[in-house]
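Novice: This is the content of run-v7.pdb (PDB, C-alpha atoms):
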ATOM      1  CA  MET A 178       0.000   0.000   0.000
ATOM      2  CA  LYS A 179       2.782   2.369   0.918
ATOM      3  CA  SER A 180       4.646   1.802  -2.366
ATOM      4  CA  SER A 181       1.410   2.352  -4.328
ATOM      5  CA  ALA A 182       0.784   5.612  -2.489
ATOM      6  CA  ASN A 183       4.344   6.729  -3.188
ATOM      7  CA  LEU A 184       3.876   5.894  -6.870
ATOM      8  CA  VAL A 185       0.713   7.996  -7.020
ATOM      9  CA  VAL A 186       2.516  10.896  -5.363
ATOM     10  CA  LEU A 187       5.410  10.547  -7.805
ATOM     11  CA  VAL A 188       3.087  10.522 -10.831
ATOM     12  CA  ILE A 189       1.269  13.613  -9.580
ATOM     13  CA  ALA A 190       4.601  15.376  -8.982
ATOM     14  CA  VAL A 191       5.825  14.543 -12.492
ATOM     15  CA  LEU A 192       2.588  15.750 -14.089
ATOM     16  CA  PHE A 193       2.708  18.939 -12.047
ATOM     17  CA  ALA A 194       6.295  19.562 -13.106
ATOM     18  CA  LEU A 195       5.415  19.009 -16.757
ATOM     19  CA  HIS A 196       2.427  21.307 -16.490
ATOM     20  CA  THR A 197       4.409  24.020 -14.748
ATOM     21  CA  GLY A 198       7.157  23.842 -17.358
ATOM     22  CA  ALA A 199       4.597  24.138 -20.131
ATOM     23  CA  VAL A 200       2.829  27.247 -18.911
ATOM     24  CA  ALA A 201       5.137  28.965 -16.410
ATOM     25  CA  GLY A 202       6.716  31.213 -19.045
ATOM     26  CA  THR A 203       5.208  34.403 -20.404
ATOM     27  CA  VAL A 204       5.604  33.548 -24.099
ATOM     28  CA  LEU A 205       3.058  31.509 -26.044
ATOM     29  CA  ARG A 206       4.114  30.305 -29.475
ATOM     30  CA  LEU A 207       1.278  29.672 -31.914
ATOM     31  CA  SER A 208       2.546  26.328 -33.131
ATOM     32  CA  GLN A 209       2.479  25.437 -36.802
ATOM     33  CA  TYR A 210       1.292  21.947 -35.880
ATOM     34  CA  SER A 211      -2.101  23.123 -34.651
ATOM     35  CA  SER A 212      -2.929  25.578 -37.420
ATOM     36  CA  ASP A 213      -6.422  25.101 -38.781
ATOM     37  CA  ARG A 214      -7.181  25.836 -42.439
ATOM     38  CA  ASP A 215     -10.457  27.529 -43.362
ATOM     39  CA  ASP A 216      -9.986  26.867 -47.074
ATOM     40  CA  ASN A 217      -9.527  23.161 -47.806
ATOM     41  CA  GLU A 218      -8.506  23.880 -51.398
ATOM     42  CA  TYR A 219      -5.475  25.913 -50.382
ATOM     43  CA  PRO A 220      -2.118  24.081 -50.480
ATOM     44  CA  THR A 221      -1.643  21.755 -47.533
ATOM     45  CA  TYR A 222       1.568  23.499 -46.493
ATOM     46  CA  LEU A 223      -0.500  26.347 -45.048
ATOM     47  CA  ALA A 224      -0.881  24.545 -41.744
ATOM     48  CA  GLU A 225       2.923  24.398 -41.452
ATOM     49  CA  TYR A 226       3.414  27.966 -42.641
ATOM     50  CA  LEU A 227       1.639  30.165 -40.099
ATOM     51  CA  ASP A 228       3.603  31.254 -37.063
ATOM     52  CA  ALA A 229       3.258  33.888 -34.312
ATOM     53  CA  GLU A 230       4.265  34.622 -30.746
ATOM     54  CA  LEU A 231       2.351  36.204 -27.846
ATOM     55  CA  ASP A 232       4.454  37.657 -25.011
ATOM     56  CA  PHE A 233       2.524  38.304 -21.765
ATOM     57  CA  SER A 234       3.983  40.397 -18.939
ATOM     58  CA  VAL A 235       2.059  41.483 -15.831
ATOM     59  CA  ALA A 236       3.260  44.201 -13.449
ATOM     60  CA  GLY A 237       0.830  45.173 -10.710
ATOM     61  CA  SER A 238      -2.508  45.811 -12.428
ATOM     62  CA  THR A 239      -1.005  46.283 -15.898
ATOM     63  CA  LEU A 240      -0.807  43.664 -18.624
ATOM     64  CA  ALA A 241       1.617  44.197 -21.499
ATOM     65  CA  LEU A 242       1.084  41.938 -24.501
ATOM     66  CA  GLY A 243       3.409  41.853 -27.486
ATOM     67  CA  VAL A 244       2.131  40.023 -30.576
ATOM     68  CA  THR A 245       4.695  39.176 -33.268
ATOM     69  CA  ASN A 246       3.841  37.742 -36.675
ATOM     70  CA  LEU A 247       6.631  35.244 -37.412
ATOM     71  CA  THR A 248       5.121  33.921 -40.629
ATOM     72  CA  PRO A 249       7.738  34.140 -43.395
ATOM     73  CA  GLU A 250       7.036  36.330 -46.393
ATOM     74  CA  ASN A 251       8.130  34.228 -49.353
ATOM     75  CA  ALA A 252       8.532  35.622 -52.846
ATOM     76  CA  GLY A 253       5.530  34.702 -54.963
ATOM     77  CA  ASP A 254       3.312  33.860 -51.980
ATOM     78  CA  PRO A 255       0.686  36.273 -50.604
ATOM     79  CA  ALA A 256       1.844  37.482 -47.188
ATOM     80  CA  PHE A 257      -0.234  36.304 -44.239
ATOM     81  CA  LYS A 258      -1.237  39.086 -41.844
ATOM     82  CA  ILE A 259      -2.775  38.837 -38.376
ATOM     83  CA  ASN A 260      -5.983  40.751 -37.693
ATOM     84  CA  LYS A 261      -7.507  38.845 -34.779
ATOM     85  CA  ILE A 262      -5.982  37.610 -31.513
ATOM     86  CA  TYR A 263      -7.574  35.478 -28.810
ATOM     87  CA  PHE A 264      -6.590  34.403 -25.291
ATOM     88  CA  ASN A 265      -8.144  33.438 -21.943
ATOM     89  CA  VAL A 266      -8.264  34.563 -18.326
ATOM     90  CA  THR A 267      -8.811  33.027 -14.907
ATOM     91  CA  ASP A 268     -11.595  34.169 -12.598
ATOM     92  CA  ASN A 269      -9.144  36.575 -10.916
ATOM     93  CA  VAL A 270      -9.513  38.861 -13.935
ATOM     94  CA  GLN A 271     -12.932  40.512 -14.040
ATOM     95  CA  GLY A 272     -12.192  43.157 -16.644
ATOM     96  CA  LEU A 273      -9.592  44.618 -19.009
ATOM     97  CA  THR A 274      -9.258  48.132 -20.392
ATOM     98  CA  LEU A 275      -7.181  48.606 -23.539
ATOM     99  CA  THR A 276      -5.117  51.732 -22.910
ATOM    100  CA  THR A 277      -2.561  51.705 -25.725
ATOM    101  CA  ALA A 278      -1.617  49.732 -28.824
ATOM    102  CA  THR A 279       1.609  50.601 -30.601
ATOM    103  CA  GLY A 280       2.707  49.343 -34.000
ATOM    104  CA  PRO A 281       6.157  49.470 -35.589
ATOM    105  CA  GLU A 282       5.870  53.210 -36.200
ATOM    106  CA  ASP A 283       3.083  54.805 -34.136
ATOM    107  CA  SER A 284      -0.012  54.375 -31.981
ATOM    108  CA  VAL A 285      -2.829  52.235 -33.358
ATOM    109  CA  THR A 286      -4.936  52.180 -30.187
ATOM    110  CA  ASN A 287      -8.138  53.356 -31.835
ATOM    111  CA  GLU A 288      -7.793  50.782 -34.604
ATOM    112  CA  TRP A 289      -8.022  47.680 -32.401
ATOM    113  CA  GLU A 290     -11.251  46.592 -30.732
ATOM    114  CA  LEU A 291     -11.233  44.697 -27.443
ATOM    115  CA  GLY A 292     -13.882  42.082 -26.780
ATOM    116  CA  PHE A 293     -14.245  40.454 -23.372
ATOM    117  CA  SER A 294     -16.860  37.800 -22.610
ATOM    118  CA  GLU A 295     -16.623  34.506 -20.745
ATOM    119  CA  ASP A 296     -16.243  31.803 -23.419
ATOM    120  CA  GLY A 297     -17.730  34.309 -25.834
ATOM    121  CA  PHE A 298     -15.544  33.802 -28.921
ATOM    122  CA  LEU A 299     -15.611  30.569 -30.925
ATOM    123  CA  VAL A 300     -12.315  30.254 -32.800
ATOM    124  CA  GLY A 301     -11.891  27.730 -35.589
ATOM    125  CA  GLY A 302     -11.412  24.253 -34.141
ATOM    126  CA  PHE A 303      -9.878  25.566 -30.916
ATOM    127  CA  GLY A 304     -12.872  26.125 -28.649
ATOM    128  CA  ARG A 305     -14.241  29.277 -27.035
ATOM    129  CA  PHE A 306     -12.020  32.109 -25.778
ATOM    130  CA  ASP A 307     -12.613  34.925 -23.285
ATOM    131  CA  VAL A 308     -10.713  37.791 -24.918
ATOM    132  CA  SER A 309     -10.548  39.007 -28.513
ATOM    133  CA  LEU A 310      -8.529  41.756 -30.168
ATOM    134  CA  THR A 311      -9.755  42.651 -33.643
ATOM    135  CA  GLY A 312      -7.994  44.875 -36.143
ATOM    136  CA  GLY A 313      -9.329  46.185 -39.432
ATOM    137  CA  HIS A 314      -9.905  44.320 -42.666
ATOM    138  CA  GLY A 315     -10.599  46.179 -45.880
ATOM    139  CA  ASN A 316      -9.264  49.302 -47.586
ATOM    140  CA  GLN A 317      -7.304  50.470 -44.538
ATOM    141  CA  PRO A 318      -6.867  47.420 -42.337
ATOM    142  CA  ASN A 319      -4.947  47.519 -39.095
ATOM    143  CA  VAL A 320      -2.982  44.289 -39.137
ATOM    144  CA  ILE A 321       0.258  42.750 -37.948
ATOM    145  CA  ASN A 322       2.371  42.082 -41.025
ATOM    146  CA  PRO A 323       5.067  39.385 -41.249
ATOM    147  CA  GLY A 324       8.014  40.360 -39.076
ATOM    148  CA  GLU A 325       6.086  43.068 -37.219
ATOM    149  CA  THR A 326       5.147  43.374 -33.543
ATOM    150  CA  VAL A 327       2.213  45.256 -32.050
ATOM    151  CA  SER A 328       2.434  46.026 -28.330
ATOM    152  CA  PHE A 329      -0.809  46.225 -26.336
ATOM    153  CA  VAL A 330      -1.171  47.596 -22.792
ATOM    154  CA  PHE A 331      -4.218  46.852 -20.617
ATOM    155  CA  GLN A 332      -5.368  47.819 -17.147
ATOM    156  CA  ILE A 333      -6.648  44.813 -15.198
ATOM    157  CA  THR A 334      -9.527  44.825 -12.729
ATOM    158  CA  GLY A 335     -10.457  41.971 -10.432
ATOM    159  CA  SER A 336      -8.932  40.109  -7.513
ATOM    160  CA  ALA A 337      -5.307  41.235  -7.181
ATOM    161  CA  PRO A 338      -2.497  40.306  -7.085
ATOM    162  CA  PHE A 339      -2.313  39.394 -10.768
ATOM    163  CA  SER A 340       0.361  37.394 -12.578
ATOM    164  CA  ASP A 341       1.175  36.101 -16.054
ATOM    165  CA  SER A 342      -0.520  32.816 -15.149
ATOM    166  CA  ASP A 343      -3.893  34.610 -15.072
ATOM    167  CA  PHE A 344      -3.626  34.778 -18.877
ATOM    168  CA  ILE A 345      -2.142  31.322 -19.522
ATOM    169  CA  THR A 346      -5.286  29.212 -19.331
ATOM    170  CA  LEU A 347      -7.163  26.982 -21.722
ATOM    171  CA  SER A 348     -10.138  27.740 -23.940
ATOM    172  CA  SER A 349     -13.486  26.031 -23.409
ATOM    173  CA  GLN A 350     -13.931  22.828 -25.389
ATOM    174  CA  VAL A 351     -16.832  22.678 -27.849
ATOM    175  CA  GLY A 352     -17.760  19.298 -29.305
ATOM    176  CA  GLY A 353     -14.696  17.731 -30.868
ATOM    177  CA  HIS A 354     -12.634  20.937 -30.797
ATOM    178  CA  ILE A 355      -9.248  20.844 -29.123
ATOM    179  CA  VAL A 356      -8.497  23.395 -26.411
ATOM    180  CA  SER A 357      -5.745  25.998 -26.665
ATOM    181  CA  TYR A 358      -4.129  28.744 -24.649
ATOM    182  CA  ALA A 359      -4.233  31.370 -27.429
ATOM    183  CA  ALA A 360      -5.018  31.759 -31.124
ATOM    184  CA  ALA A 361      -4.718  34.228 -33.996
ATOM    185  CA  LYS A 362      -6.521  34.749 -37.297
ATOM    186  CA  PHE A 363      -4.260  34.934 -40.356
ATOM    187  CA  TYR A 364      -5.378  36.104 -43.793
ATOM    188  CA  ASN A 365      -3.820  37.185 -47.081
ATOM    189  CA  ASP A 366      -4.766  39.320 -50.063
ATOM    190  CA  ASP A 367      -6.202  36.267 -51.849
ATOM    191  CA  ASP A 368      -8.873  36.090 -49.113
ATOM    192  CA  VAL A 369      -7.428  32.858 -47.772
ATOM    193  CA  SER A 370      -7.647  32.703 -43.987
ATOM    194  CA  ALA A 371      -6.741  30.297 -41.211
ATOM    195  CA  TYR A 372      -6.364  30.141 -37.439
ATOM    196  CA  GLY A 373      -3.128  29.312 -35.669
ATOM    197  CA  ALA A 374      -3.187  28.199 -32.028
ATOM    198  CA  THR A 375      -1.057  26.696 -29.276
ATOM    199  CA  ASN A 376      -0.485  22.988 -28.900
ATOM    200  CA  ILE A 377      -1.333  21.101 -25.725
ATOM    201  CA  PRO A 378       1.883  19.659 -24.250
ATOM    202  CA  GLU A 379       2.235  15.879 -24.009
ATOM    203  CA  PRO A 380       2.235  13.722 -21.910
ATOM    204  CA  ALA A 381       0.624  16.176 -19.469
ATOM    205  CA  THR A 382      -2.468  16.623 -21.635
ATOM    206  CA  VAL A 383      -4.901  14.891 -19.294
ATOM    207  CA  PHE A 384      -3.591  16.806 -16.287
ATOM    208  CA  ILE A 385      -3.833  20.158 -18.076
ATOM    209  CA  LEU A 386      -7.323  19.387 -19.357
ATOM    210  CA  GLY A 387      -8.349  18.667 -15.778
ATOM    211  CA  LEU A 388      -6.970  21.997 -14.613
ATOM    212  CA  GLY A 389      -8.633  23.708 -17.562
ATOM    213  CA  SER A 390     -11.979  22.228 -16.580
ATOM    214  CA  LEU A 391     -11.570  23.467 -13.012
ATOM    215  CA  THR A 392     -10.678  26.910 -14.330
ATOM    216  CA  LEU A 393     -13.799  26.992 -16.494
ATOM    217  CA  LEU A 394     -15.975  26.092 -13.513
ATOM    218  CA  ARG A 395     -14.506  29.044 -11.598
ATOM    219  CA  LYS A 396     -14.957  31.646 -14.324
ATOM    220  CA  ARG A 397     -17.260  34.601 -13.754
ATOM    221  CA  ARG A 398     -18.899  37.138 -16.014
ATOM    222  CA  ILE A 399     -16.529  39.973 -16.899
ATOM    223  CA  LYS A 400     -16.828  43.518 -18.241
ATOM    224  CA  VAL A 401     -15.120  45.270 -21.136
ATOM    225  CA  SER A 402     -14.167  48.876 -21.688
ATOM    226  CA  LYS A 403     -11.848  50.823 -23.994
ATOM    227  CA  VAL A 404      -9.981  54.073 -23.567
ATOM    228  CA  SER A 405      -9.684  56.199 -26.716
TER     229      SER A 405
END
Show this structure as structure tokens.

Specialist:
Amino acid sequence: MKSSANLVVLVIAVLFALHTGAVAGTVLRLSQYSSDRDDNEYPTYLAEYLDAELDFSVAGSTLALGVTNLTPENAGDPAFKINKIYFNVTDNVQGLTLTTATGPEDSVTNEWELGFSEDGFLVGGFGRFDVSLTGGHGNQPNVINPGETVSFVFQITGSAPFSDSDFITLSSQVGGHIVSYAAAKFYNDDDVSAYGATNIPEPATVFILGLGSLTLLRKRRIKVSKVS
């Protein structure tokens, strides 16, 4: 009995270590292996082509988020831009206010729209997310081009103290969708679009899904506001 109990403790410790290693950092890479194509007729390499990085940093009640489009711009291929970004929060975060958004050259705060609703945004095959950032699409779109970074700053309301881990949590599963920590919408000038999202680390998948389910049970309704 004692050896069995020790084995259980050891397994739990290993799973916890794997989980902590997977989400303890502030950077989420939108892995090419979980990209989801909207257009099935587009070349199959698209799912291995999209790439981006989200860098979360919390100081006090301020969240800084840097979003970098790492998708290569190959000669002869339409460049894929990012115009939508999605991530999640724990129940500690009851609201976010977008205060600034800065592109490579100047402020683009008024050109990004913040959406905040518990499990309110269904994203491709990656479940429902709490937070959305939407840029323009059309004659004068506000997008993140290949190689560019847009830096967002938010004020957080809720149950302090806050940390990066309040924004490293899984989406809500819908049907057969997989769950993800973050996602982005990519599109090009040929009107081909796809979502890229984070992978779930293995072999800690079951453990993380369990934590994600607990997080979803603890979520509360949250408010959204924007400062011009």

Novice: Since I can't run it myself right now, could you work out what the PyMOL selection byres ((chain A and resi 353-368) around 7) selects here and report it as a PyMOL selection string?

Specialist: chain A and resi 207+255-265+302-304+345-352+369-377

Novice: For each of A:Phe339, A:Phe306, A:Tyr226, A:Phe329, take the minimum atom-to-atom distance to A:Phe293, counting all atoms listed in the file, then give the residue where this is smallest.

Specialist: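 Ranked by minimum distance to A:Phe293, first place goes to A:Phe306.
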
Novice: Do you have the atom CA of A:Pro338-atom CA of A:Thr311 distance handy?

Specialist: 27.6 Å

Novice: Between atom CA of A:Val235 and atom CA of A:Ser340, what distance in Å does the model show, to one decimal?

Specialist: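 These two atoms are separated by 5.5 Å.
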
Novice: What does the PyMOL selection byres ((chain A and resi 239) around 8) select in this file, as a ChimeraX atom specification?

Specialist: /A:235-238,240-241,330-333

Novice: Quick one: of A:Asp343, A:Glu250, A:Glu325, A:Asp307, who's nearest to A:Thr279, counting only C-alpha atoms?

Specialist: A:Glu325

Novice: Report, in Å with one decimal, the straight-line distance from atom CA of A:Ser342 to atom CA of A:Thr267.

Specialist: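 These atoms are spaced 8.3 Å apart.
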
Novice: Under the PyMOL selection byres ((chain A and resi 287) around 10), which residues of this model are included? Write them out as number ranges by chain.

Specialist: A: 275-278, 284-286, 288-290, 312, 319, 403-405
